[in-house]
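See below for the structure under consideration.
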Amino acid sequence: MAILESIVGVLLLMLLLILIIVFLACKPWRFFSCSRSRTIKAGELDRPLVSDGADLVRNQGNELPRGYDLEGACFQNEGHLRSQGLVYKQRLPNTAPNSTQSDSLVLDVISDASEDIVVGQTLKRPLLVQQLVEDQRSSRQNLEQDRLQQFVPKDPLDQRTCLNLEVIAGPSHGHRCSVLSTNPSRLPLTLGRVSPSDVLLKDSEVSGRHASINWNLNKMKWELVDMGSLNGTLLNSLPINNPDSGSRQWGDPMELASGDVITLGTTSKVFVHISSQTESQVPFGVGVASDPMALRRGGKKLPMEDVCYYQWPLDGIDQFGIFGICDGHGGAEAAKSASKLLPEMVANLLSDSLKRERVLLQCDASDVLRDAFYQTETSLNYHYEGCTATVLLVWTDSDGNFFAQCANLGDSACVINVNGKQMKMTEDHRISSYTERLRIQQTGEPLKEGETRLCGLNLARMLGDKFLKQQDSRFSSDPYISQVVHIDQASKAFAIMASDGFWDVISAKKAVQQVLQMREKYSTAEENLAEKTANMLLSEARTVRTKDNTSIIFLDFDSSRVSCKGGS
């Protein structure tokens, strides 16, 4: 009997120990301490995701590792400390089960006497209530001024500027990009980690589409906006992103000025230089005109799929400029992407000093143009959409003479007139063209008699349309490249580039005659003569009722007639 009682006592003792262990493991007291306020010392706060590079060395201990993929990080519970648009993230343990999603946590920050909190590493003094009041007053004043400025008439030709961006810090150091305020086809300008960003930053802390820059026509100012990036955007070390970073909402537009520094992530910095019209002159006359001709097909609305663009000088290449037209089919996105990629590819190739010197010495840029088209085709990821591409590369020598060479795919054409001699700089790549039918015949799969289309298209060469090229090997993206044309100062040369909407109704001979008549009409230097000539040619196409989108770029190399050389 005594043995039985001892066994029962041991079992009860073991059961009591098990209950104590379970009790400690469950921590039931956490259900009775659901305080809505939690106190954290300043030293416990993580370093903010966005910080100024000047103070990185002093406080490296709390930073995230450089290779950490911030884009993919996700935390369910984050405490937020907001101050002038910055968001400070403190990893918090899961809340009690009875907490709802709408519950919020309040952080009481206790700062040690020996350590100051540096806000985002950019604000060098503590925030004061008085400063916040002053900021609110100044923002109201700015809003009132903006309302008043909307009623002040402005001449956009007097306000045209060139935006130049240069990456001065980060993995993409040295990359440059420039755009004119009067070239809407290239706007808005995007900054991000993935293509087709205009400023491509190979930085893991930069979002895919991080920020954008656009020209505000009402204010006549360049504006920067954060596109809901994870790591925020700083303008001159001050945050411009939306305070609620978790929502991925866009921030408010901020005006840019020459000399500003844009910081994306923690290391990528972009320097801003804004030049006036006189500082960004093209050394010859340039006129651009386009019209979707939306009412030329029995009232049927035509979407605008033409894209005109030009850049002088190319990014970091002072002696070279590029002029081009892309005519999209199946949509305008492929044309827009190609118009951004082609100048970038040409500029990147010519940034190699050996290639650039070879072009200048041999007066031939065939290899550069061919490689640029190949790289653009490789970068375009459009399977059911494509575009034509006509590019005129122009460069100058030390004596002020010009050289021009053209490359094209499709049916947008270019004609140059030098000393009264007309030269066609492009090749027609429609199926009905004799030279194109001859090329297709050499592939071993000749066209049938009377066949004028491949897979429904009347073109055999284009950019994009990856699906069609997979279905039929007779499609090609190899460009035609012209001979180099030498243009001296006394040649009175000019060039006409246009999409097929123009050439379908007006021959090259007639177009040249119309330009010569325009020159006779304005025998002396006339302001914006190149623009007037481009609009005159567009008007002629409209008069003879073209049925397609029409875009024209006119280049006037006659220096005696160029009085206003600002880019458009």
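Ordering of the structure tokens sets the chain letters (A, B, ...), residue numbers begin anew at 1 in every chain, and ligands are numbered from 1 in the order given.
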
(request) Tell me which protein, DNA and RNA residues are within 10 Å of Val194 (chain A), counting only C-alpha atoms, leaving out same-chain ones fewer than 2 positions away, and put them as an MDAnalysis selection string. (result) chainID A and resid 191:192 196:203 206:210

Kindly save the residues from that selection, with C-alpha atoms included, as a CSV table (one decimal), in the first residue's frame.
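Generated file (selection.csv):
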```csv
chain,number,residue,atom,x,y,z
A,191,LEU,CA,14.3,56.9,-63.8
A,192,GLY,CA,14.4,53.2,-62.7
A,196,PRO,CA,12.5,50.9,-70.8
A,197,SER,CA,13.5,53.5,-68.2
A,198,ASP,CA,15.2,56.5,-69.8
A,199,VAL,CA,17.8,56.7,-67.0
A,200,LEU,CA,18.6,53.1,-66.3
A,201,LEU,CA,20.1,52.7,-62.9
A,202,LYS,CA,21.6,49.2,-62.2
A,203,ASP,CA,21.1,49.6,-58.4
A,206,VAL,CA,16.2,51.6,-56.9
A,207,SER,CA,12.7,50.5,-57.8
A,208,GLY,CA,11.8,49.2,-61.3
A,209,ARG,CA,10.1,52.5,-62.1
A,210,HIS,CA,11.3,54.8,-59.3
```

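Excluding region 246-260 of chain A itself and any same-chain residue fewer than 4 positions from it, the protein and nucleic acid residues within 9 Å of it, counting only C-alpha atoms, are A:Leu163, A:Ala211, A:Ile213, A:Lys221, A:Trp222, A:Glu223, A:Leu224, A:Val225, A:Asp226, A:Met227, A:Gly228, A:Ser229, A:Leu230, A:Leu235, A:Asn236, A:Ile240, A:Asn241, A:Asn242, A:Val270, A:Phe271, A:Val272, A:His273, A:Ile274, A:Ser275.
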
(request) For CA of Phe494 (chain A) and CA of Gln311 (chain A), determine how far apart the two atoms are, in Å to one decimal place. (result)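 These atoms are spaced 17.7 Å apart.
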
(request) Please return as a PyMOL selection string: the residues of region 181-413 of chain A that backbone DSSP assigns to alpha helix (DSSP H). (result) chain A and resi 333-350+353-362+366-379

Could you save the residues just selected, with N, CA and C atoms, as a CSV table (one decimal), in the first residue's frame?
```csv
chain,number,residue,atom,x,y,z
A,333,GLU,N,3.2,51.7,-78.8
A,333,GLU,CA,4.2,51.4,-77.8
A,333,GLU,C,5.6,51.0,-78.3
A,334,ALA,N,5.6,50.2,-79.3
A,334,ALA,CA,6.9,49.7,-79.9
A,334,ALA,C,7.6,50.9,-80.5
A,335,ALA,N,6.9,51.8,-81.2
A,335,ALA,CA,7.5,53.0,-81.8
A,335,ALA,C,8.1,53.9,-80.7
A,336,LYS,N,7.3,54.1,-79.6
A,336,LYS,CA,7.8,54.9,-78.5
A,336,LYS,C,9.1,54.3,-77.9
A,337,SER,N,9.1,53.0,-77.7
A,337,SER,CA,10.3,52.4,-77.1
A,337,SER,C,11.5,52.5,-78.0
A,338,ALA,N,11.2,52.3,-79.3
A,338,ALA,CA,12.3,52.3,-80.3
A,338,ALA,C,12.9,53.8,-80.4
A,339,SER,N,12.0,54.8,-80.3
A,339,SER,CA,12.5,56.2,-80.3
A,339,SER,C,13.4,56.6,-79.1
A,340,LYS,N,13.2,55.8,-78.0
A,340,LYS,CA,14.1,56.1,-76.9
A,340,LYS,C,15.3,55.3,-76.9
A,341,LEU,N,15.2,54.0,-77.4
A,341,LEU,CA,16.3,53.1,-77.4
A,341,LEU,C,17.4,53.4,-78.4
A,342,LEU,N,17.0,53.8,-79.6
A,342,LEU,CA,17.9,54.1,-80.7
A,342,LEU,C,18.9,55.1,-80.4
A,343,PRO,N,18.5,56.3,-79.9
A,343,PRO,CA,19.5,57.3,-79.5
A,343,PRO,C,20.5,56.8,-78.4
A,344,GLU,N,19.9,56.1,-77.5
A,344,GLU,CA,20.8,55.6,-76.4
A,344,GLU,C,21.8,54.6,-76.9
A,345,MET,N,21.4,53.7,-77.8
A,345,MET,CA,22.3,52.7,-78.4
A,345,MET,C,23.4,53.4,-79.2
A,346,VAL,N,23.0,54.4,-80.0
A,346,VAL,CA,24.0,55.1,-80.8
A,346,VAL,C,25.0,55.8,-79.9
A,347,ALA,N,24.5,56.5,-78.9
A,347,ALA,CA,25.3,57.3,-78.0
A,347,ALA,C,26.3,56.3,-77.2
A,348,ASN,N,25.8,55.2,-76.8
A,348,ASN,CA,26.6,54.2,-76.1
A,348,ASN,C,27.8,53.7,-77.0
A,349,LEU,N,27.4,53.4,-78.2
A,349,LEU,CA,28.5,53.0,-79.2
A,349,LEU,C,29.5,54.0,-79.4
A,350,LEU,N,29.1,55.3,-79.6
A,350,LEU,CA,30.0,56.4,-79.9
A,350,LEU,C,30.7,56.8,-78.7
A,353,SER,N,35.8,55.8,-77.5
A,353,SER,CA,36.6,56.7,-78.3
A,353,SER,C,37.2,56.1,-79.5
A,354,LEU,N,37.5,54.8,-79.5
A,354,LEU,CA,38.1,54.2,-80.8
A,354,LEU,C,37.1,54.1,-81.9
A,355,LYS,N,35.8,53.8,-81.5
A,355,LYS,CA,34.8,53.7,-82.6
A,355,LYS,C,34.5,55.1,-83.1
A,356,ARG,N,34.4,56.1,-82.2
A,356,ARG,CA,34.1,57.5,-82.6
A,356,ARG,C,35.2,58.0,-83.5
A,357,GLU,N,36.5,57.8,-83.2
A,357,GLU,CA,37.6,58.3,-84.0
A,357,GLU,C,37.6,57.6,-85.4
A,358,ARG,N,37.2,56.3,-85.4
A,358,ARG,CA,37.1,55.6,-86.7
A,358,ARG,C,36.0,56.2,-87.6
A,359,VAL,N,34.9,56.6,-87.0
A,359,VAL,CA,33.8,57.2,-87.8
A,359,VAL,C,34.3,58.5,-88.3
A,360,LEU,N,35.0,59.3,-87.5
A,360,LEU,CA,35.5,60.6,-87.9
A,360,LEU,C,36.6,60.5,-89.0
A,361,LEU,N,37.4,59.6,-88.9
A,361,LEU,CA,38.5,59.4,-89.8
A,361,LEU,C,38.1,58.8,-91.1
A,362,GLN,N,37.2,57.8,-91.1
A,362,GLN,CA,36.7,57.1,-92.3
A,362,GLN,C,35.5,57.7,-92.9
A,366,SER,N,28.6,53.2,-90.6
A,366,SER,CA,27.7,52.0,-91.0
A,366,SER,C,27.7,51.0,-89.8
A,367,ASP,N,28.9,50.7,-89.2
A,367,ASP,CA,28.9,49.7,-88.2
A,367,ASP,C,28.2,50.2,-86.9
A,368,VAL,N,28.3,51.4,-86.6
A,368,VAL,CA,27.6,52.0,-85.5
A,368,VAL,C,26.1,51.9,-85.7
A,369,LEU,N,25.6,52.3,-86.8
A,369,LEU,CA,24.2,52.3,-87.1
A,369,LEU,C,23.6,50.8,-87.1
A,370,ARG,N,24.4,49.9,-87.7
A,370,ARG,CA,23.9,48.5,-87.8
A,370,ARG,C,23.9,47.9,-86.4
A,371,ASP,N,24.9,48.1,-85.6
A,371,ASP,CA,24.9,47.6,-84.2
A,371,ASP,C,23.8,48.2,-83.4
A,372,ALA,N,23.5,49.5,-83.6
A,372,ALA,CA,22.4,50.2,-82.8
A,372,ALA,C,21.1,49.6,-83.2
A,373,PHE,N,20.8,49.3,-84.4
A,373,PHE,CA,19.6,48.6,-84.8
A,373,PHE,C,19.5,47.2,-84.2
A,374,TYR,N,20.6,46.5,-84.3
A,374,TYR,CA,20.6,45.1,-83.7
A,374,TYR,C,20.3,45.1,-82.2
A,375,GLN,N,20.9,46.0,-81.5
A,375,GLN,CA,20.7,46.1,-80.0
A,375,GLN,C,19.3,46.6,-79.7
A,376,THR,N,18.8,47.5,-80.5
A,376,THR,CA,17.4,47.9,-80.3
A,376,THR,C,16.4,46.8,-80.5
A,377,GLU,N,16.6,46.0,-81.6
A,377,GLU,CA,15.7,44.9,-81.9
A,377,GLU,C,15.8,43.9,-80.8
A,378,THR,N,17.0,43.6,-80.3
A,378,THR,CA,17.2,42.7,-79.2
A,378,THR,C,16.5,43.1,-77.9
A,379,SER,N,16.5,44.4,-77.6
A,379,SER,CA,15.9,45.0,-76.4
A,379,SER,C,14.4,45.1,-76.5
```

(message) Applying 12 Å and only C-alpha atoms, which residues near region 467-470 of chain A remain after dropping the ones on its own chain fewer than 6 positions away? List them as a PyMOL selection string.
(response) chain A and resi 377+381-386+454-457+459-461+476-477

Take the residues that were just selected and, keeping N, CA and C atoms, output them as an mmCIF file, in the first residue's frame.
```
data_model
loop_
_atom_site.group_PDB
_atom_site.id
_atom_site.type_symbol
_atom_site.label_atom_id
_atom_site.label_comp_id
_atom_site.auth_asym_id
_atom_site.auth_seq_id
_atom_site.Cartn_x
_atom_site.Cartn_y
_atom_site.Cartn_z
ATOM 1 N N GLU A 377 16.597 46.049 -81.577
ATOM 2 C CA GLU A 377 15.723 44.913 -81.876
ATOM 3 C C GLU A 377 15.803 43.872 -80.765
ATOM 4 N N ASN A 381 10.706 43.947 -76.719
ATOM 5 C CA ASN A 381 10.018 42.700 -76.394
ATOM 6 C C ASN A 381 8.550 42.792 -76.789
ATOM 7 N N TYR A 382 8.324 43.104 -78.057
ATOM 8 C CA TYR A 382 6.957 43.240 -78.569
ATOM 9 C C TYR A 382 6.690 42.110 -79.563
ATOM 10 N N HIS A 383 5.772 41.209 -79.210
ATOM 11 C CA HIS A 383 5.492 40.060 -80.064
ATOM 12 C C HIS A 383 4.395 40.337 -81.083
ATOM 13 N N TYR A 384 3.450 41.215 -80.751
ATOM 14 C CA TYR A 384 2.317 41.463 -81.649
ATOM 15 C C TYR A 384 2.227 42.933 -82.032
ATOM 16 N N GLU A 385 3.316 43.622 -81.974
ATOM 17 C CA GLU A 385 3.351 45.040 -82.300
ATOM 18 C C GLU A 385 4.743 45.360 -82.829
ATOM 19 N N GLY A 386 4.815 46.265 -83.803
ATOM 20 C CA GLY A 386 6.115 46.622 -84.379
ATOM 21 C C GLY A 386 6.108 48.039 -84.911
ATOM 22 N N LEU A 454 2.782 39.647 -96.242
ATOM 23 C CA LEU A 454 3.257 38.501 -95.476
ATOM 24 C C LEU A 454 2.535 38.512 -94.138
ATOM 25 N N CYS A 455 1.762 37.438 -93.893
ATOM 26 C CA CYS A 455 1.018 37.339 -92.628
ATOM 27 C C CYS A 455 0.166 38.584 -92.384
ATOM 28 N N GLY A 456 -0.366 39.170 -93.450
ATOM 29 C CA GLY A 456 -1.236 40.326 -93.328
ATOM 30 C C GLY A 456 -0.527 41.663 -93.333
ATOM 31 N N LEU A 457 0.804 41.685 -93.287
ATOM 32 C CA LEU A 457 1.557 42.940 -93.294
ATOM 33 C C LEU A 457 2.099 43.230 -94.681
ATOM 34 N N LEU A 459 4.764 45.048 -94.998
ATOM 35 C CA LEU A 459 6.190 45.284 -94.759
ATOM 36 C C LEU A 459 6.907 43.967 -94.506
ATOM 37 N N ALA A 460 8.143 43.894 -94.961
ATOM 38 C CA ALA A 460 8.952 42.698 -94.712
ATOM 39 C C ALA A 460 10.076 42.968 -93.719
ATOM 40 N N ARG A 461 10.361 44.250 -93.464
ATOM 41 C CA ARG A 461 11.411 44.590 -92.485
ATOM 42 C C ARG A 461 10.854 45.596 -91.490
ATOM 43 N N SER A 476 12.550 40.424 -91.579
ATOM 44 C CA SER A 476 13.929 40.772 -91.224
ATOM 45 C C SER A 476 13.963 42.084 -90.438
ATOM 46 N N SER A 477 15.019 42.244 -89.659
ATOM 47 C CA SER A 477 15.271 43.512 -88.957
ATOM 48 C C SER A 477 16.649 44.069 -89.316
#
```

(message) Report, in Å with one decimal, the straight-line distance from CA of Ala495 (chain A) to CA of Phe557 (chain A).
(response)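 Between CA of Ala495 (chain A) and CA of Phe557 (chain A) the gap is 8.1 Å.
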
(request) Find the spatial neighbours of Ser551 (chain A), counting only C-alpha atoms, within a cut-off of 7 Å - ignore same-chain residues fewer than 6 positions away - and output them as an NGL selection string. (result) :A and (289-291 or 306 or 308 or 498-499)

(request) Identify all residues of region 376-444 of chain A in strand (DSSP E) (DSSP on the backbone) and supply them as a list in words. (result)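 Selection result, strand (DSSP E) within region 376-444 of chain A: Gly386, Cys387, Ala389, Thr390, Val391, Leu392, Leu393, Val394, Trp395, Thr396, Phe402, Phe403, Ala404, Gln405, Cys406, Ala407, Asn408, Leu409, Ala413, Cys414, Val415, Ile416, Asn417, Val418, Lys421, Gln422, Met423 and Lys424 of chain A.
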